[in-house]
$ cat protein-v6.txt   # compact mmCIF, C-alpha atoms
# COMPACT_ATOMS: atom_id res chain seq x y z
CA MET A 17 148.69 64.80 254.97
CA SER A 18 150.40 63.27 257.99
CA ILE A 19 148.39 63.17 261.19
CA LEU A 20 149.82 64.64 264.40
CA ASN A 21 148.23 64.80 267.82
CA LYS A 22 146.73 68.16 268.80
CA LYS A 23 149.58 69.13 271.15
CA THR A 24 152.47 68.23 268.84
CA ARG A 25 151.13 70.11 265.83
CA ARG A 26 151.13 73.34 267.85
CA LEU A 27 154.87 73.18 268.66
CA VAL A 28 157.11 75.59 266.74
CA VAL A 29 160.82 76.34 267.13
CA VAL A 30 161.95 79.69 265.71
CA VAL A 31 165.70 80.10 265.22
CA GLY A 32 166.81 83.74 265.12
CA GLY A 33 166.11 86.64 267.47
CA GLY A 34 166.17 89.47 264.94
CA PRO A 35 163.02 91.48 264.14
CA VAL A 36 161.77 88.91 261.60
CA GLY A 37 162.16 85.91 263.91
CA LEU A 38 160.63 87.80 266.84
CA SER A 39 157.73 88.96 264.66
CA VAL A 40 156.85 85.52 263.34
CA ALA A 41 157.04 84.13 266.89
CA ALA A 42 154.73 86.90 268.10
CA LEU A 43 152.25 86.44 265.26
CA LEU A 44 152.03 82.70 265.92
CA SER A 45 151.76 82.93 269.71
CA SER A 46 149.65 86.02 270.33
CA ASN A 47 146.86 85.35 267.86
CA SER A 48 143.67 86.88 269.24
CA LYS A 49 141.69 83.85 268.08
CA LEU A 50 141.59 80.59 269.99
CA GLU A 51 144.05 78.90 267.64
CA LYS A 52 147.70 79.71 268.36
CA PHE A 53 151.04 77.94 268.57
CA ASP A 54 153.34 77.00 271.42
CA VAL A 55 156.56 78.73 270.35
CA HIS A 56 160.15 78.40 271.56
CA LEU A 57 162.57 81.00 270.15
CA VAL A 58 166.32 80.36 270.09
CA ASP A 59 169.07 82.89 269.33
CA SER A 60 172.85 82.54 269.44
CA GLY A 61 173.37 86.14 270.59
CA SER A 62 172.55 87.97 273.79
CA ALA A 63 169.32 89.75 274.68
CA PRO A 64 169.14 93.25 273.14
CA THR A 65 169.16 96.47 275.12
CA TRP A 66 167.92 99.88 274.04
CA PHE A 67 169.25 103.15 275.43
CA ARG A 68 167.16 106.32 275.42
CA ASP A 69 170.23 108.57 275.49
CA SER A 70 171.99 107.07 272.44
CA LEU A 71 170.94 106.04 268.94
CA ASP A 72 171.54 102.53 267.66
CA LEU A 73 173.80 102.51 264.60
CA ARG A 74 171.62 99.88 262.93
CA VAL A 75 168.30 101.29 261.70
CA TYR A 76 165.54 100.19 259.32
CA ALA A 77 163.22 102.09 257.00
CA LEU A 78 159.86 100.49 257.81
CA SER A 79 157.12 100.79 255.20
CA ARG A 80 153.46 101.51 255.89
CA VAL A 81 152.56 97.83 255.64
CA SER A 82 155.39 96.87 258.02
CA GLN A 83 154.00 99.43 260.45
CA ASN A 84 150.60 97.75 260.13
CA ILE A 85 152.11 94.36 260.97
CA LEU A 86 153.77 95.75 264.09
CA ASN A 87 150.54 97.58 264.97
CA SER A 88 148.64 94.28 264.82
CA LEU A 89 151.04 92.98 267.47
CA GLY A 90 150.43 95.99 269.71
CA VAL A 91 154.02 97.23 269.60
CA TRP A 92 153.93 100.07 267.04
CA GLU A 93 152.55 102.70 269.41
CA SER A 94 155.21 101.96 272.02
CA ILE A 95 157.94 102.14 269.34
CA THR A 96 156.81 105.55 268.09
CA THR A 97 156.40 106.78 271.67
CA CYS A 98 159.98 105.79 272.48
CA ARG A 99 161.67 107.00 269.28
CA SER A 100 161.14 106.82 265.54
CA SER A 101 161.44 109.24 262.65
CA PRO A 102 158.85 109.43 259.85
CA TYR A 103 159.93 110.61 256.45
CA GLU A 104 157.46 112.15 254.05
CA LYS A 105 159.71 112.52 251.01
CA MET A 106 162.62 110.84 249.29
CA HIS A 107 164.88 112.76 246.93
CA VAL A 108 167.10 110.79 244.53
CA TRP A 109 169.65 112.34 242.21
CA GLN A 110 172.48 111.45 239.86
CA GLY A 111 176.19 111.55 240.72
CA LYS A 112 178.03 114.74 239.96
CA TYR A 113 175.08 116.77 238.77
CA ASP A 114 173.26 119.41 240.80
CA ALA A 115 170.54 117.92 243.03
CA ARG A 116 167.91 119.91 241.14
CA LEU A 117 168.87 118.37 237.79
CA GLY A 118 168.52 114.73 236.82
CA SER A 119 166.55 113.97 239.96
CA VAL A 120 163.29 112.48 241.17
CA THR A 121 161.30 113.24 244.32
CA PHE A 122 158.84 110.85 245.94
CA ASP A 123 156.23 112.52 248.16
CA SER A 124 153.82 110.56 250.38
CA ALA A 125 151.14 113.22 249.82
CA GLU A 126 150.97 112.17 246.16
CA VAL A 127 149.57 108.78 247.20
CA GLY A 128 147.48 110.04 250.13
CA GLU A 129 149.73 108.61 252.84
CA PRO A 130 151.07 110.42 255.93
CA ASP A 131 154.59 109.17 255.30
CA LEU A 132 156.72 106.91 253.11
CA GLY A 133 158.11 105.10 256.13
CA HIS A 134 159.60 105.38 259.60
CA ILE A 135 163.26 105.04 260.57
CA VAL A 136 163.41 102.70 263.58
CA GLU A 137 166.37 101.36 265.55
CA ASP A 138 167.06 97.63 265.52
CA SER A 139 167.50 97.42 269.30
CA LEU A 140 164.24 99.25 270.05
CA LEU A 141 162.28 97.09 267.62
CA ARG A 142 163.68 93.90 269.13
CA VAL A 143 163.14 95.00 272.75
CA GLU A 144 159.48 95.84 272.12
CA LEU A 145 158.85 92.56 270.29
CA ILE A 146 160.47 90.60 273.13
CA LYS A 147 158.09 92.29 275.58
CA ASN A 148 155.24 91.03 273.40
CA LEU A 149 156.61 87.48 273.49
CA GLU A 150 157.05 87.59 277.25
CA ARG A 151 153.43 88.66 277.67
CA ALA A 152 152.39 85.71 275.49
CA GLY A 153 154.47 83.29 277.58
CA VAL A 154 156.87 82.38 274.78
CA LYS A 155 160.06 80.68 275.93
CA ILE A 156 163.18 82.50 274.67
CA THR A 157 166.68 81.03 274.83
CA PHE A 158 169.57 83.42 274.18
CA GLY A 159 173.23 82.44 273.84
CA ALA A 160 172.52 79.00 272.35
CA GLU A 161 173.70 77.80 268.95
CA LEU A 162 172.35 74.88 266.94
CA SER A 163 174.48 71.75 267.13
CA SER A 164 172.35 69.47 264.99
CA ILE A 165 168.98 69.14 263.25
CA ASP A 166 167.15 65.90 262.55
CA ILE A 167 164.10 66.24 260.31
CA ARG A 168 161.75 63.28 260.50
CA GLN A 169 158.41 62.65 258.86
CA ARG A 170 156.32 64.06 261.69
CA GLU A 171 158.74 66.16 263.76
CA ALA A 172 161.84 68.30 263.62
CA HIS A 173 164.40 67.57 266.34
CA VAL A 174 166.95 70.22 267.30
CA THR A 175 169.95 69.94 269.61
CA LEU A 176 171.37 73.15 271.07
CA SER A 177 174.95 73.89 272.12
CA THR A 178 173.68 73.93 275.72
CA GLY A 179 172.71 70.28 275.35
CA GLU A 180 169.00 71.02 275.35
CA LYS A 181 166.94 69.00 272.86
CA LEU A 182 163.81 70.44 271.26
CA SER A 183 161.10 68.82 269.17
CA ALA A 184 158.49 70.61 267.10
CA ALA A 185 156.06 70.23 264.23
CA ILE A 186 157.77 73.14 262.46
CA LEU A 187 161.26 74.63 262.47
CA ILE A 188 161.34 78.25 261.26
CA ALA A 189 164.73 79.59 260.18
CA ALA A 190 164.99 83.34 260.72
CA ASP A 191 168.71 83.30 261.45
CA GLY A 192 169.93 85.65 258.74
CA GLY A 193 171.94 85.53 255.56
CA SER A 194 174.44 83.06 257.04
CA SER A 195 171.64 80.79 258.27
CA THR A 196 172.86 77.85 260.35
CA VAL A 197 169.56 76.05 259.81
CA ARG A 198 169.85 76.37 256.04
CA ASP A 199 173.49 75.24 256.08
CA LEU A 200 172.93 72.25 258.38
CA LEU A 201 170.07 71.06 256.17
CA GLU A 202 172.11 71.76 253.01
CA MET A 203 169.31 73.79 251.45
CA PRO A 204 170.77 75.29 248.24
CA ILE A 205 171.05 79.05 247.78
CA THR A 206 172.45 81.28 245.04
CA LYS A 207 174.65 84.17 246.21
CA VAL A 208 176.02 87.08 244.18
CA SER A 209 178.61 89.41 245.72
CA TYR A 210 178.44 93.06 244.66
CA GLN A 211 182.11 93.52 245.61
CA GLN A 212 180.90 96.40 247.75
CA GLN A 213 180.78 97.37 251.40
CA ALA A 214 178.23 99.62 253.08
CA ILE A 215 179.63 102.13 255.57
CA VAL A 216 177.19 103.30 258.24
CA THR A 217 177.38 106.22 260.66
CA HIS A 218 175.16 108.97 262.08
CA ILE A 219 175.89 112.59 261.18
CA GLU A 220 174.92 116.04 262.40
CA THR A 221 174.45 118.57 259.60
CA GLU A 222 174.07 122.30 259.15
CA LYS A 223 170.66 122.01 257.48
CA SER A 224 167.63 120.12 258.75
CA HIS A 225 166.83 116.84 257.02
CA GLY A 226 163.23 118.06 256.77
CA GLU A 227 161.81 114.53 257.27
CA THR A 228 163.27 113.66 253.89
CA ALA A 229 165.44 110.71 252.86
CA TRP A 230 168.21 111.69 250.45
CA GLN A 231 170.00 109.35 248.05
CA ARG A 232 172.75 110.21 245.60
CA PHE A 233 173.96 107.75 242.98
CA LEU A 234 177.75 107.91 242.76
CA PRO A 235 180.02 106.01 240.32
CA ASP A 236 180.96 103.44 242.98
CA GLY A 237 177.51 103.09 244.56
CA PRO A 238 174.67 105.00 246.26
CA LEU A 239 175.01 107.31 249.27
CA ALA A 240 171.88 107.59 251.43
CA PHE A 241 170.98 109.96 254.26
CA LEU A 242 168.04 108.75 256.38
CA PRO A 243 166.34 111.18 258.82
CA LEU A 244 166.68 110.37 262.52
CA ALA A 245 164.43 111.46 265.39
CA ASP A 246 167.06 113.66 267.07
CA GLY A 247 167.66 115.75 263.94
CA ARG A 248 170.69 113.84 262.77
CA SER A 249 170.84 111.59 259.70
CA SER A 250 171.85 107.96 259.36
CA VAL A 251 174.36 107.45 256.54
CA VAL A 252 174.51 104.31 254.40
CA TRP A 253 177.37 104.69 251.92
CA SER A 254 177.67 101.76 249.51
CA THR A 255 180.94 101.70 247.63
CA LYS A 256 183.58 99.36 246.22
CA SER A 257 185.22 97.18 248.86
CA ASN A 258 188.71 98.65 248.47
CA HIS A 259 187.32 102.20 248.65
CA ALA A 260 185.29 101.30 251.74
CA LYS A 261 188.40 99.91 253.43
CA THR A 262 190.25 103.16 252.72
CA LEU A 263 187.36 105.26 254.04
CA CYS A 264 187.15 103.25 257.26
CA GLU A 265 190.88 103.70 257.88
CA LEU A 266 190.86 107.49 257.40
CA ARG A 267 191.22 109.89 260.29
CA ASP A 268 187.95 111.53 261.35
CA SER A 269 188.74 114.86 259.68
CA GLU A 270 189.67 113.12 256.42
CA PHE A 271 186.55 110.96 256.43
CA ARG A 272 184.32 113.97 257.09
CA ALA A 273 185.87 115.77 254.11
CA LYS A 274 185.27 112.77 251.83
CA LEU A 275 181.68 112.41 253.02
CA GLN A 276 181.09 116.13 252.64
CA SER A 277 182.23 116.01 249.03
CA ALA A 278 180.26 112.86 248.23
CA SER A 279 177.05 114.35 249.65
CA GLY A 280 177.16 117.35 247.33
CA ASN A 281 176.52 119.52 250.42
CA VAL A 282 172.84 118.61 250.18
CA LEU A 283 172.41 119.15 253.94
CA GLY A 284 175.15 121.73 254.30
CA LYS A 285 178.23 121.31 256.45
CA ILE A 286 178.69 118.01 258.31
CA SER A 287 179.65 119.06 261.83
CA SER A 288 180.03 115.68 263.54
CA PHE A 289 179.54 111.95 263.10
CA THR A 290 179.53 108.80 265.22
CA LYS A 291 181.71 105.72 264.96
CA ARG A 292 181.85 104.02 261.57
CA ALA A 293 180.94 100.41 260.80
CA SER A 294 180.82 98.47 257.54
CA PHE A 295 179.35 95.26 256.16
CA PRO A 296 179.61 93.41 252.81
CA LEU A 297 176.82 93.65 250.24
CA GLN A 298 175.43 90.69 248.36
CA ALA A 299 172.21 89.38 246.87
CA SER A 300 171.07 85.86 247.66
CA HIS A 301 168.03 83.72 247.04
CA ALA A 302 167.24 80.24 248.35
CA HIS A 303 166.17 77.73 245.71
CA GLN A 304 163.36 76.59 248.01
CA TYR A 305 161.83 78.43 250.95
CA CYS A 306 160.68 75.25 252.64
CA GLY A 307 161.18 71.55 253.13
CA ASN A 308 159.33 69.02 255.23
CA ARG A 309 158.99 70.53 258.73
CA VAL A 310 161.22 73.53 257.93
CA VAL A 311 160.65 76.99 256.47
CA LEU A 312 163.01 79.90 255.69
CA VAL A 313 162.00 83.53 256.31
CA GLY A 314 163.73 86.89 255.95
CA ASP A 315 167.44 86.99 255.15
CA ALA A 316 167.68 83.21 255.58
CA ALA A 317 165.65 83.00 252.35
CA HIS A 318 166.78 86.14 250.51
CA THR A 319 169.03 89.19 250.78
CA ILE A 320 168.99 92.28 248.56
CA HIS A 321 171.01 95.43 247.92
CA PRO A 322 170.18 98.10 250.54
CA LEU A 323 169.73 100.92 248.00
CA ALA A 324 165.92 100.89 248.40
CA GLY A 325 165.85 100.01 252.11
CA GLN A 326 163.43 97.12 251.52
CA GLY A 327 165.18 94.18 253.17
CA MET A 328 163.41 94.33 256.55
CA ASN A 329 160.06 95.04 254.90
CA LEU A 330 160.34 91.87 252.80
CA GLY A 331 161.23 89.89 255.92
CA LEU A 332 158.28 91.20 257.93
CA MET A 333 155.96 90.35 255.04
CA ASP A 334 157.42 86.81 255.06
CA ALA A 335 156.62 86.62 258.77
CA ALA A 336 153.03 87.78 258.30
CA VAL A 337 152.35 85.43 255.39
CA VAL A 338 153.86 82.32 256.99
CA ALA A 339 151.90 83.06 260.18
CA ASP A 340 148.67 83.34 258.18
CA VAL A 341 149.35 80.05 256.40
CA LEU A 342 150.21 78.14 259.58
CA LEU A 343 147.34 79.54 261.65
CA GLU A 344 144.86 78.72 258.88
CA ALA A 345 146.20 75.15 258.68
CA LEU A 346 145.91 74.79 262.44
CA HIS A 347 142.34 76.09 262.37
CA LYS A 348 141.42 73.57 259.64
CA GLY A 349 142.91 70.68 261.58
CA GLU A 350 145.72 70.17 259.07
CA ASP A 351 149.31 69.30 259.91
CA PRO A 352 150.93 72.78 259.65
CA GLY A 353 154.42 71.35 259.15
CA ASP A 354 153.46 69.26 256.15
CA LEU A 355 155.34 70.28 253.02
CA ARG A 356 152.12 70.88 251.09
CA VAL A 357 151.06 73.45 253.69
CA LEU A 358 154.44 75.19 253.80
CA ARG A 359 154.49 75.51 250.01
CA ARG A 360 151.46 77.81 250.26
CA TYR A 361 153.77 80.32 251.94
CA GLU A 362 156.47 79.77 249.33
CA ARG A 363 154.02 80.36 246.48
CA GLN A 364 152.91 83.68 247.98
CA ARG A 365 156.36 85.06 248.80
CA LYS A 366 159.01 83.61 246.50
CA GLY A 367 157.96 85.39 243.30
CA ASP A 368 157.40 88.71 245.06
CA ASN A 369 160.80 88.62 246.74
CA LEU A 370 162.55 87.58 243.54
CA LYS A 371 160.98 90.48 241.62
CA MET A 372 162.32 92.96 244.19
CA LEU A 373 165.76 91.32 244.20
CA LEU A 374 166.04 91.44 240.41
CA ALA A 375 164.70 95.01 240.16
CA LEU A 376 167.28 96.29 242.64
CA ASP A 377 170.02 94.27 240.98
CA VAL A 378 169.20 95.86 237.61
CA LEU A 379 169.06 99.33 239.17
CA HIS A 380 172.40 98.79 240.89
CA ARG A 381 174.04 97.64 237.67
CA LEU A 382 172.45 100.42 235.61
CA PHE A 383 173.90 103.12 237.84
CA GLY A 384 177.23 101.30 237.97
CA VAL A 385 177.80 101.37 234.21
CA SER A 386 180.61 103.77 233.29
CA GLY A 387 181.21 105.73 230.09
CA ASN A 388 180.98 109.36 229.04
CA LEU A 389 177.39 109.08 227.83
CA MET A 390 175.95 107.21 230.81
CA PRO A 391 175.75 110.02 233.44
CA PRO A 392 173.79 112.43 231.22
CA LEU A 393 171.56 109.59 229.97
CA ARG A 394 170.78 108.54 233.54
CA SER A 395 170.05 112.15 234.49
CA ILE A 396 167.66 112.50 231.56
CA GLY A 397 166.00 109.25 232.62
CA LEU A 398 165.52 110.44 236.22
CA SER A 399 164.06 113.76 235.07
CA ALA A 400 161.69 111.97 232.69
CA PHE A 401 160.65 109.57 235.44
CA ASP A 402 159.94 112.50 237.78
CA ALA A 403 157.50 113.84 235.18
CA MET A 404 155.41 110.62 235.20
CA PRO A 405 153.17 110.85 238.30
CA PHE A 406 151.24 107.65 237.54
CA VAL A 407 154.41 105.55 237.38
CA LYS A 408 155.80 107.24 240.48
CA SER A 409 152.59 106.50 242.38
CA LYS A 410 152.74 102.82 241.39
CA ILE A 411 156.33 102.54 242.62
CA MET A 412 155.57 104.40 245.86
CA ARG A 413 152.64 102.14 246.66
CA ARG A 414 154.86 99.14 245.99
CA ALA A 415 157.55 100.53 248.29
CA LEU A 416 154.88 101.19 250.94
CA GLY A 417 154.23 97.45 250.85
CA TYR A 418 150.82 97.38 249.20
CA ARG A 419 150.01 94.28 247.15
CA ASN A 420 146.90 92.76 245.60
CA GLN A 421 146.85 90.17 248.37
CA LEU A 422 147.97 91.00 251.91
CA PRO A 423 148.08 88.79 255.02
CA GLY A 424 145.72 89.64 257.85
CA ALA A 425 148.33 91.34 260.04
CA ALA A 426 149.36 93.66 257.19
CA ILE A 427 145.90 95.19 256.77
CA ASN A 428 145.51 96.33 260.37
CA PRO A 429 145.53 100.09 259.68
CA ILE A 430 147.12 102.65 261.99
CA VAL A 431 144.62 105.33 263.00
$ encode --input "protein-v6.txt" --output "structure tokens"
Amino acid sequence: MSILNKKTRRLVVVVGGGPVGLSVAALLSSNSKLEKFDVHLVDSGSAPTWFRDSLDLRVYALSRVSQNILNSLGVWESITTCRSSPYEKMHVWQGKYDARLGSVTFDSAEVGEPDLGHIVEDSLLRVELIKNLERAGVKITFGAELSSIDIRQREAHVTLSTGEKLSAAILIAADGGSSTVRDLLEMPITKVSYQQQAIVTHIETEKSHGETAWQRFLPDGPLAFLPLADGRSSVVWSTKSNHAKTLCELRDSEFRAKLQSASGNVLGKISSFTKRASFPLQASHAHQYCGNRVVLVGDAAHTIHPLAGQGMNLGLMDAAVVADVLLEALHKGEDPGDLRVLRRYERQRKGDNLKMLLALDVLHRLFGVSGNLMPPLRSIGLSAFDAMPFVKSKIMRRALGYRNQLPGAAINPIV
């Protein structure tokens, strides 16, 4: 492996100020052991703000293992103190059939867990992680884009739109599905469009959500209601792009009527909702997660369909694993940016992420198949699945984030 001086091999540039980028920066810089990295985080956007009197439209369903990772950083308690919503159950049912027929219910009690996950706002998560980085003395640059990247044998050189030049042993790309780092370095990626858009809004309903996530499979895509801390529910309605465009252009009263019908009145009358937003849905997977001096994490490496709410959980696991790999290399006196070191991360995460991507792709396509026989067959399948507790438990534990091998940060239990 190449030999770097002690100072240089500790330098890391993280591109991307979303939860995954902030988490990997925190894991590398706030390690409780003596070995830690000197991190500089760069983001093209502005610093996030969180408001106690209003809910962020963008939320994540964080698994038990993701909670453990955030707990290891000392931010989980502050997040739950500010605002989060646990959900103990998830009820899934088929299109136009009654919610009690052709359905499956996942219950955290069946696997001995207090919850299946927590719904957390993007802005709150980012604000708390930034506080962690500030305590660790990490330099953060907002409002700066990447102008160029020059990868050399022993260093990565980055030029920002501000004119600032940075050098590091490792460049970590956490800059999302449209990664500038990945594009500038021409790292190949396969993308598949679902020809769908996801519409998001928050709704107030007649019935309580009961700390339960609800998901209904419709002919054009799934409709999910996620429980929020103030009693409302966050809606993620995935549907064909032309249908989504029509829904976004409807007057409020018309949209409420459409949403009411699509929900099957599972939570009773919808009395109000917030502004609507939409985003395109696609699956993507980078051919390689790393190159010499560079590594991709989170959406920069992979994106999946949101029907299982696993995208952020996969990204946080990427962050925990790459931090483990780099900190171990630093402790051993290795060059952490060497390709042979970075491939240890790729070997641990690539197969796992690809399995989730393919499983959700198959599920999406299965529930998108039309034909007179398909709805009743799918309903029979869901009912049969609900009667198999062992299989349900295996899937729940997988969704909770448990694996045979977990990085150190992911096994820091919440008590």
$ residues_around --input "protein-v6.txt" --residues "Glu93 of chain A" --least-positions-apart "2" --cutoff "12 Å" --atoms "only C-alpha atoms" --output "ChimeraX atom specification"
/A:83-91,95-100,141,144-145,430-431
$ closest_residue --input "protein-v6.txt" --among "A:Ser60, A:Ser287, A:Thr255, A:Ser409" --to "Ser163 of chain A" --atoms "only C-alpha atoms"
A:Ser60
$ residues_around --input "protein-v6.txt" --residues "segment 214-220 of chain A" --least-positions-apart "6" --cutoff "9 Å" --atoms "only C-alpha atoms" --output "PDB file with C-alpha atoms, in the frame of the given file"
ATOM      1  CA  LEU A  71     170.940 106.040 268.940  1.00  0.00           C
ATOM      2  CA  LEU A  73     173.800 102.510 264.600  1.00  0.00           C
ATOM      3  CA  ARG A  74     171.620  99.880 262.930  1.00  0.00           C
ATOM      4  CA  PHE A 241     170.980 109.960 254.260  1.00  0.00           C
ATOM      5  CA  LEU A 244     166.680 110.370 262.520  1.00  0.00           C
ATOM      6  CA  GLY A 247     167.660 115.750 263.940  1.00  0.00           C
ATOM      7  CA  ARG A 248     170.690 113.840 262.770  1.00  0.00           C
ATOM      8  CA  SER A 249     170.840 111.590 259.700  1.00  0.00           C
ATOM      9  CA  SER A 250     171.850 107.960 259.360  1.00  0.00           C
ATOM     10  CA  VAL A 251     174.360 107.450 256.540  1.00  0.00           C
ATOM     11  CA  VAL A 252     174.510 104.310 254.400  1.00  0.00           C
ATOM     12  CA  TRP A 253     177.370 104.690 251.920  1.00  0.00           C
ATOM     13  CA  SER A 254     177.670 101.760 249.510  1.00  0.00           C
ATOM     14  CA  THR A 255     180.940 101.700 247.630  1.00  0.00           C
ATOM     15  CA  LYS A 256     183.580  99.360 246.220  1.00  0.00           C
ATOM     16  CA  SER A 257     185.220  97.180 248.860  1.00  0.00           C
ATOM     17  CA  ALA A 260     185.290 101.300 251.740  1.00  0.00           C
ATOM     18  CA  LEU A 263     187.360 105.260 254.040  1.00  0.00           C
ATOM     19  CA  CYS A 264     187.150 103.250 257.260  1.00  0.00           C
ATOM     20  CA  LYS A 285     178.230 121.310 256.450  1.00  0.00           C
ATOM     21  CA  ILE A 286     178.690 118.010 258.310  1.00  0.00           C
ATOM     22  CA  SER A 287     179.650 119.060 261.830  1.00  0.00           C
ATOM     23  CA  SER A 288     180.030 115.680 263.540  1.00  0.00           C
ATOM     24  CA  PHE A 289     179.540 111.950 263.100  1.00  0.00           C
ATOM     25  CA  THR A 290     179.530 108.800 265.220  1.00  0.00           C
ATOM     26  CA  LYS A 291     181.710 105.720 264.960  1.00  0.00           C
ATOM     27  CA  ARG A 292     181.850 104.020 261.570  1.00  0.00           C
ATOM     28  CA  ALA A 293     180.940 100.410 260.800  1.00  0.00           C
ATOM     29  CA  SER A 294     180.820  98.470 257.540  1.00  0.00           C
ATOM     30  CA  PHE A 295     179.350  95.260 256.160  1.00  0.00           C
ATOM     31  CA  PRO A 296     179.610  93.410 252.810  1.00  0.00           C
ATOM     32  CA  LEU A 297     176.820  93.650 250.240  1.00  0.00           C
ATOM     33  CA  PRO A 322     170.180  98.100 250.540  1.00  0.00           C
TER      34      PRO A 322
END
$ closest_residue --input "protein-v6.txt" --among "A:Gln364, A:Gln212, A:Thr262, A:Ser277" --to "Gln298 of chain A" --atoms "all atoms listed in the file"
A:Gln212
$ closest_residue --input "protein-v6.txt" --among "A:Tyr305, A:Tyr361, A:Tyr76, A:Trp109" --to "Phe383 of chain A" --atoms "only C-alpha atoms"
A:Trp109
$ residues_near_point --input "protein-v6.txt" --point "(160.3, 80.2, 261.6)" --cutoff "8 Å" --atoms "all atoms listed in the file" --output "PyMOL selection string"
chain A and resi 28-31+37+40-41+186-190+310-313+335
$ residues_around --input "protein-v6.txt" --residues "Met328 of chain A" --least-positions-apart "3" --cutoff "10 Å" --atoms "all atoms listed in the file" --output "PyMOL selection string"
chain A and resi 35-36+75-79+82+314-315+319-320+322+325+331-334
$ closest_residue --input "protein-v6.txt" --among "A:Ser70, A:Ser279, A:Thr228, A:Ser269" --to "His107 of chain A" --atoms "all atoms listed in the file"
A:Thr228
$ closest_residue --input "protein-v6.txt" --among "A:His134, A:Lys147, A:Lys105, A:His321" --to "His380 of chain A" --atoms "all atoms listed in the file"
A:His321
$ atom_distance --input "protein-v6.txt" --atom1 "atom CA of Glu104 of chain A" --atom2 "atom CA of Leu234 of chain A"
23.6 Å
$ atom_distance --input "protein-v6.txt" --atom1 "atom CA of Glu161 of chain A" --atom2 "atom CA of Gln304 of chain A"
23.4 Å
$ closest_residue --input "protein-v6.txt" --among "A:Lys366, A:Lys155, A:His301, A:His259" --to "Met203 of chain A" --atoms "all atoms listed in the file"
A:His301
$ residues_near_point --input "protein-v6.txt" --point "(150.4, 78.0, 248.9)" --cutoff "12 Å" --atoms "all atoms listed in the file" --output "list of chain:residue names"
A:Tyr305, A:Cys306, A:Val337, A:Val338, A:Asp340, A:Val341, A:Leu342, A:Glu344, A:Ala345, A:Pro352, A:Asp354, A:Leu355, A:Arg356, A:Val357, A:Leu358, A:Arg359, A:Arg360, A:Tyr361, A:Glu362, A:Arg363, A:Gln364, A:Arg365, A:Lys366, A:Gly367
$ atom_distance --input "protein-v6.txt" --atom1 "atom CA of Val55 of chain A" --atom2 "atom CA of Gly353 of chain A"
13.6 Å
